[in-house]
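> Supplied in structure tokens, the structure appears directly below.
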Amino acid sequence: MEFRILAPTGALGAGFDADAFQRGVEARPHVIACDAGSTDSGPAALGSATPKLSAQAVTRDLRLLLKARDTLQVPLIIGSCGTSGRDEGVDWVAGLTRAIAAEENLRFRLGLIYCDQPAERLQKLYDEDRIRPLPNAPEIDRELFARSHTVAMMGVEPIQQALAGGCDVVLAGRASDTALFAALPHMRGAEPGLTWHMAKTVECGAACAIPPSANGLLVHLRDDHFDVTTLAEDSRLTPRSVAAHTLYENADPFRILEPSGALDTTHATYEAVDEQTVRVRGARYVPADGYTNKLEGAELLGYQTVIIGGVRDQVVIRRLPDLLPFAEKYFEEKILDVFDGQVDPGTVDIDYRLYGAGAVLAGHEPDELDPVEIGVLITVTAPDQATAHAISTFVAHASSHLPMPEYDGLVSTLAYPYSPPEIDRGPLYRFTLNHVVTGVTPFELFRTTTEEL
């Protein structure tokens with residue numbers, strides 16, 4: 001048996017090389033699969049239903065994929081549509097798909113798999129003690145579900161169901177990245193350990209290549225091994241670069257969890273075939289005792305305005321650790337005074353980040369820093385945007401003239417590169433769930449519709 005899988009890019013809309021993609025198409029793959037989302041860039045896409053990448057970028061990539069699918073007459077599978085996989089994301093990509101199909105005169109059966117979870121369902125599951133935390137998950141209660149927007153992450157089964165129903169193009173909500181690539185080979189009887197390992201290897205396209213890129217990979221999946229090949233002419237693969245991808249987004253590179261079980265790569269081997277191809281064998285798949293679906297949720301916390309400044313004066317730099325607590329107390333009193341009790345200072349957060357002085361590690365630098373200059377990021381968070389902006393105006397003004405005992409008279413402590421310095425950043429979201437639902441069938445949290453284009 002040989003099964004060919006084309007993974008054109010790690011993210012729909014990232015902009016893969018068309019020539020490299022064409023080389024993959026010329027190999028006549030049996031399926032084209034592509035991820036379109038992630039939680040990597042934070043909770044905003046899930047909380048707001050706003051895709052990370054633009055409609056123009058997604059349309060460019062999607063057009064190439066749909067035309068290639070039409071040429072090959074093979075399935076095209078796209079998961080986590082709209083970045084978050086929310087129902088709105090599936091509908092957004094579906095709208096782009098319909099427009100491209102009309103423009104290019106393409107005909108196919110389209111399957112849409114939705115994964116939004118209503119609060120009432122989640123509250124019932126919670127009451128039945130069927131929602132369990134993953135490691136380092138936040139504490140939750142049943143009221144949380146009404147405040148959060150929640151999606152469930154599907155495995156291969158809903159995708160396989162759509163393919164079995166004759167769908168040529170499957171647009172899925174939030175999905176395990178690997179499920180997109182494993183779904184069809186599993187239906188054709190491919191060995192599970194190899195198939196899941198292959199899927200993990202190609203989930204991010206050429207991210208495991210040297211250099212990493214948004215381009216694609218081609219896989220030849222056989223009975224006892226798979227060969228993975230990079231498609232871009234200026235890239236290569238090594239056993240180390242391929243093996244290293246098992247650690248991506250995983251704390252344990254030898255045990256990778258899926259809804260139906262775990263991929264065990266303990267005894268996997270990686271062998272260079274040539275500069276662009278690595279042969280992999282030896283992984284096994286261990287079915288779980290029960291099926292689970294991961295939940296991801298996000299809620300609105302408030303609105304933010306940011307101020308960006310910088311300072312080079314060494315006296316000011318040395319004084320900032322003392323000045324900033326003074327400023328924060330001053331601003332709390334100022335909020336009470338200016339807003340005359342209309343804004344509770346407890347609902348407002350004013351945060352200073354000193355870049356060049358340990359901001360990235362939040363004060364946990366292993367060695368003491370002695371910066372020549374530092375960048376200052378001030379973030380004001382409030383219940384609404386108007387309040388955040390109003391507070392930021394006097395925060396920006398006062399922060400540029402903090403009192404310096406070493407100097408007489410008025411001193412400029414921060415310099416701002418923009419005028420005005422206040423930049424409204426918009427809504428702020430946070431993740432609320434990193435849990436799994438237990439005791440479910442692979443299909444019960446998902447809904448599928450089909451249409452002929």
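Naming works like this for the structure tokens: A, B, ... for the chains as they're shown, residue 1 at the start of each chain, ligands 1 onward in shown order.
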Considering only C-alpha atoms, return as number ranges by chain whatever protein or nucleic-acid residues lie within 12 Å of stretch 243-255 of chain A, sequence-local ones (same chain, fewer than 6 positions apart) excluded.

A: 38-40, 135, 177-178, 193, 196-210, 212, 228, 237, 261-272, 278-286

> Hey, what does DSSP flag as alpha helix (DSSP H) within stretch 202-269 of chain A? Can you give it to me as a list of chain:residue names?

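Filtering stretch 202-269 of chain A down to alpha helix (DSSP H) leaves A:Val202, A:Pro239, A:Arg240, A:Ser241, A:Val242, A:Ala243, A:Ala244.
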
> Which residue out of A:Leu106, A:Ala288, A:Ala162, A:Leu125 has the minimum interatomic distance to A:Thr71 when only C-alpha atoms are used?

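Looking only at the distances to A:Thr71, the closest residue turns out to be A:Leu106.
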
> Need to verify the contact set: stretch 290-303 of chain A, 8 Å, only C-alpha atoms, exclusion of same-chain residues closer than 3 positions in sequence. Can you return it as a ChimeraX atom specification?

/A:43-44,46-47,147-155,259-261,381-385,388,425-442

> Just write the chosen residues, N, CA, C and O atoms, as a short mmCIF file (atom, residue, chain, number, x, y, z; two decimals), in the first residue's frame.


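Generated output (part28.cif):
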```
data_model
loop_
_atom_site.label_atom_id
_atom_site.label_comp_id
_atom_site.auth_asym_id
_atom_site.auth_seq_id
_atom_site.Cartn_x
_atom_site.Cartn_y
_atom_site.Cartn_z
N PRO A 43 -6.17 34.25 22.93
CA PRO A 43 -7.61 33.99 22.98
C PRO A 43 -8.47 34.93 22.12
O PRO A 43 -9.69 34.74 22.07
N ALA A 44 -7.89 35.92 21.46
CA ALA A 44 -8.71 36.94 20.79
C ALA A 44 -9.56 36.37 19.67
O ALA A 44 -10.73 36.74 19.51
N LEU A 46 -10.79 33.37 19.29
CA LEU A 46 -11.89 32.60 19.86
C LEU A 46 -12.90 33.51 20.54
O LEU A 46 -14.12 33.34 20.39
N GLY A 47 -12.42 34.50 21.26
CA GLY A 47 -13.33 35.38 21.97
C GLY A 47 -14.12 36.30 21.06
O GLY A 47 -15.28 36.60 21.32
N ARG A 147 -20.50 33.02 30.28
CA ARG A 147 -19.64 34.17 29.96
C ARG A 147 -18.66 33.86 28.83
O ARG A 147 -18.11 34.78 28.23
N SER A 148 -18.42 32.59 28.59
CA SER A 148 -17.38 32.19 27.65
C SER A 148 -17.98 31.78 26.31
O SER A 148 -19.13 31.33 26.24
N HIS A 149 -17.15 31.89 25.28
CA HIS A 149 -17.49 31.23 24.01
C HIS A 149 -16.62 29.99 23.93
O HIS A 149 -15.40 30.07 24.02
N THR A 150 -17.25 28.83 23.76
CA THR A 150 -16.55 27.56 23.88
C THR A 150 -16.70 26.73 22.62
O THR A 150 -17.80 26.64 22.04
N VAL A 151 -15.60 26.11 22.21
CA VAL A 151 -15.61 25.16 21.11
C VAL A 151 -15.07 23.83 21.61
O VAL A 151 -14.29 23.77 22.56
N ALA A 152 -15.50 22.74 20.96
CA ALA A 152 -14.95 21.42 21.22
C ALA A 152 -14.03 21.05 20.07
O ALA A 152 -14.29 21.40 18.91
N MET A 153 -12.94 20.36 20.38
CA MET A 153 -11.97 19.95 19.37
C MET A 153 -12.28 18.54 18.89
O MET A 153 -12.29 17.59 19.68
N MET A 154 -12.52 18.40 17.60
CA MET A 154 -12.90 17.10 17.04
C MET A 154 -11.67 16.27 16.68
O MET A 154 -10.58 16.78 16.45
N GLY A 155 -11.89 14.96 16.65
CA GLY A 155 -10.91 14.03 16.15
C GLY A 155 -11.19 13.70 14.69
O GLY A 155 -11.84 14.46 13.97
N PRO A 259 -7.98 12.53 20.81
CA PRO A 259 -9.25 12.20 21.47
C PRO A 259 -9.45 10.71 21.73
O PRO A 259 -10.05 10.33 22.73
N SER A 260 -8.92 9.86 20.85
CA SER A 260 -9.17 8.43 20.97
C SER A 260 -8.01 7.65 21.58
O SER A 260 -8.11 6.43 21.76
N GLY A 261 -6.90 8.31 21.88
CA GLY A 261 -5.77 7.59 22.43
C GLY A 261 -4.50 8.41 22.40
O GLY A 261 -4.55 9.64 22.38
N THR A 381 -6.19 48.93 31.28
CA THR A 381 -7.34 48.05 31.03
C THR A 381 -8.50 48.53 31.88
O THR A 381 -8.34 48.77 33.09
N ALA A 382 -9.68 48.67 31.26
CA ALA A 382 -10.86 49.18 31.96
C ALA A 382 -12.09 48.46 31.42
O ALA A 382 -12.02 47.76 30.40
N PRO A 383 -13.25 48.63 32.07
CA PRO A 383 -14.45 47.92 31.62
C PRO A 383 -14.94 48.32 30.23
O PRO A 383 -15.64 47.55 29.58
N ASP A 384 -14.61 49.52 29.76
CA ASP A 384 -15.02 49.93 28.41
C ASP A 384 -13.89 50.74 27.79
O ASP A 384 -13.00 51.24 28.47
N GLN A 385 -13.94 50.88 26.45
CA GLN A 385 -12.85 51.53 25.74
C GLN A 385 -12.74 53.01 26.06
O GLN A 385 -11.64 53.56 26.18
N ALA A 388 -10.94 53.37 29.35
CA ALA A 388 -9.52 53.04 29.19
C ALA A 388 -8.77 54.19 28.51
O ALA A 388 -7.66 54.55 28.92
N ARG A 425 -6.34 49.70 21.87
CA ARG A 425 -6.07 48.34 21.41
C ARG A 425 -7.33 47.50 21.26
O ARG A 425 -7.36 46.49 20.58
N GLY A 426 -8.42 47.93 21.89
CA GLY A 426 -9.67 47.21 21.75
C GLY A 426 -9.90 46.21 22.87
O GLY A 426 -9.32 46.30 23.95
N PRO A 427 -10.77 45.22 22.60
CA PRO A 427 -11.16 44.28 23.65
C PRO A 427 -10.03 43.34 24.06
O PRO A 427 -9.16 42.99 23.26
N LEU A 428 -10.07 42.94 25.31
CA LEU A 428 -9.11 42.01 25.89
C LEU A 428 -9.84 40.73 26.27
O LEU A 428 -10.88 40.77 26.92
N TYR A 429 -9.29 39.59 25.85
CA TYR A 429 -9.89 38.30 26.15
C TYR A 429 -8.91 37.44 26.96
O TYR A 429 -7.70 37.68 26.93
N ARG A 430 -9.46 36.44 27.63
CA ARG A 430 -8.62 35.45 28.30
C ARG A 430 -9.19 34.06 28.05
O ARG A 430 -10.41 33.89 27.87
N PHE A 431 -8.29 33.07 28.02
CA PHE A 431 -8.73 31.69 27.93
C PHE A 431 -9.39 31.29 29.25
O PHE A 431 -8.91 31.64 30.34
N THR A 432 -10.48 30.55 29.16
CA THR A 432 -11.20 30.12 30.35
C THR A 432 -11.20 28.61 30.55
O THR A 432 -11.48 28.13 31.66
N LEU A 433 -10.92 27.86 29.51
CA LEU A 433 -11.02 26.41 29.59
C LEU A 433 -9.81 25.74 28.96
O LEU A 433 -9.33 26.14 27.89
N ASN A 434 -9.31 24.74 29.65
CA ASN A 434 -8.34 23.80 29.09
C ASN A 434 -8.69 22.45 29.69
O ASN A 434 -7.99 21.89 30.51
N HIS A 435 -9.84 21.95 29.25
CA HIS A 435 -10.49 20.79 29.85
C HIS A 435 -10.89 19.79 28.77
O HIS A 435 -10.83 20.10 27.58
N VAL A 436 -11.32 18.62 29.21
CA VAL A 436 -11.87 17.63 28.28
C VAL A 436 -13.24 17.19 28.77
O VAL A 436 -13.53 17.22 29.97
N VAL A 437 -14.07 16.81 27.80
CA VAL A 437 -15.36 16.19 28.10
C VAL A 437 -15.17 14.68 28.03
O VAL A 437 -14.61 14.16 27.05
N THR A 438 -15.62 13.97 29.05
CA THR A 438 -15.49 12.52 29.09
C THR A 438 -16.83 11.85 28.80
O THR A 438 -17.90 12.48 28.89
N GLY A 439 -16.75 10.59 28.42
CA GLY A 439 -17.96 9.81 28.23
C GLY A 439 -18.80 10.25 27.06
O GLY A 439 -20.04 10.20 27.10
N VAL A 440 -18.15 10.71 25.99
CA VAL A 440 -18.86 11.17 24.79
C VAL A 440 -18.57 10.22 23.64
O VAL A 440 -17.57 9.51 23.62
N THR A 441 -19.47 10.22 22.65
CA THR A 441 -19.18 9.56 21.39
C THR A 441 -18.37 10.55 20.54
O THR A 441 -18.37 11.76 20.81
N PRO A 442 -17.69 10.07 19.50
CA PRO A 442 -16.88 10.99 18.69
C PRO A 442 -17.70 12.03 17.92
O PRO A 442 -17.12 12.97 17.37
#
```

> Can you work out which one of A:Val348, A:Gly111, A:Ile256, A:Glu104 has the shortest atom-to-atom distance to A:Leu336, counting only C-alpha atoms?

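Closest to A:Leu336, using only C-alpha atoms: A:Val348.
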
> Grab the atom CA of A:Pro51 to atom CA of A:Asn215 distance for me, in Å with one decimal place.

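Between atom CA of A:Pro51 and atom CA of A:Asn215 the gap is 20.4 Å.
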
> Got a sec to tell me which of stretch 340-373 of chain A DSSP assigns to strand (DSSP E), as a list in words?

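Strand (DSSP E) members of stretch 340-373 of chain A, listed: Asp349, Ile350, Asp351, Tyr352, Arg353, Leu354 and Tyr355 of chain A.
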
> Find the residues near stretch 412-418 of chain A: any atom within 7 Å, counting only C-alpha atoms, skip ones fewer than 5 places away on the same chain, and give them as number ranges by chain.

A: 308-311, 316, 399-402
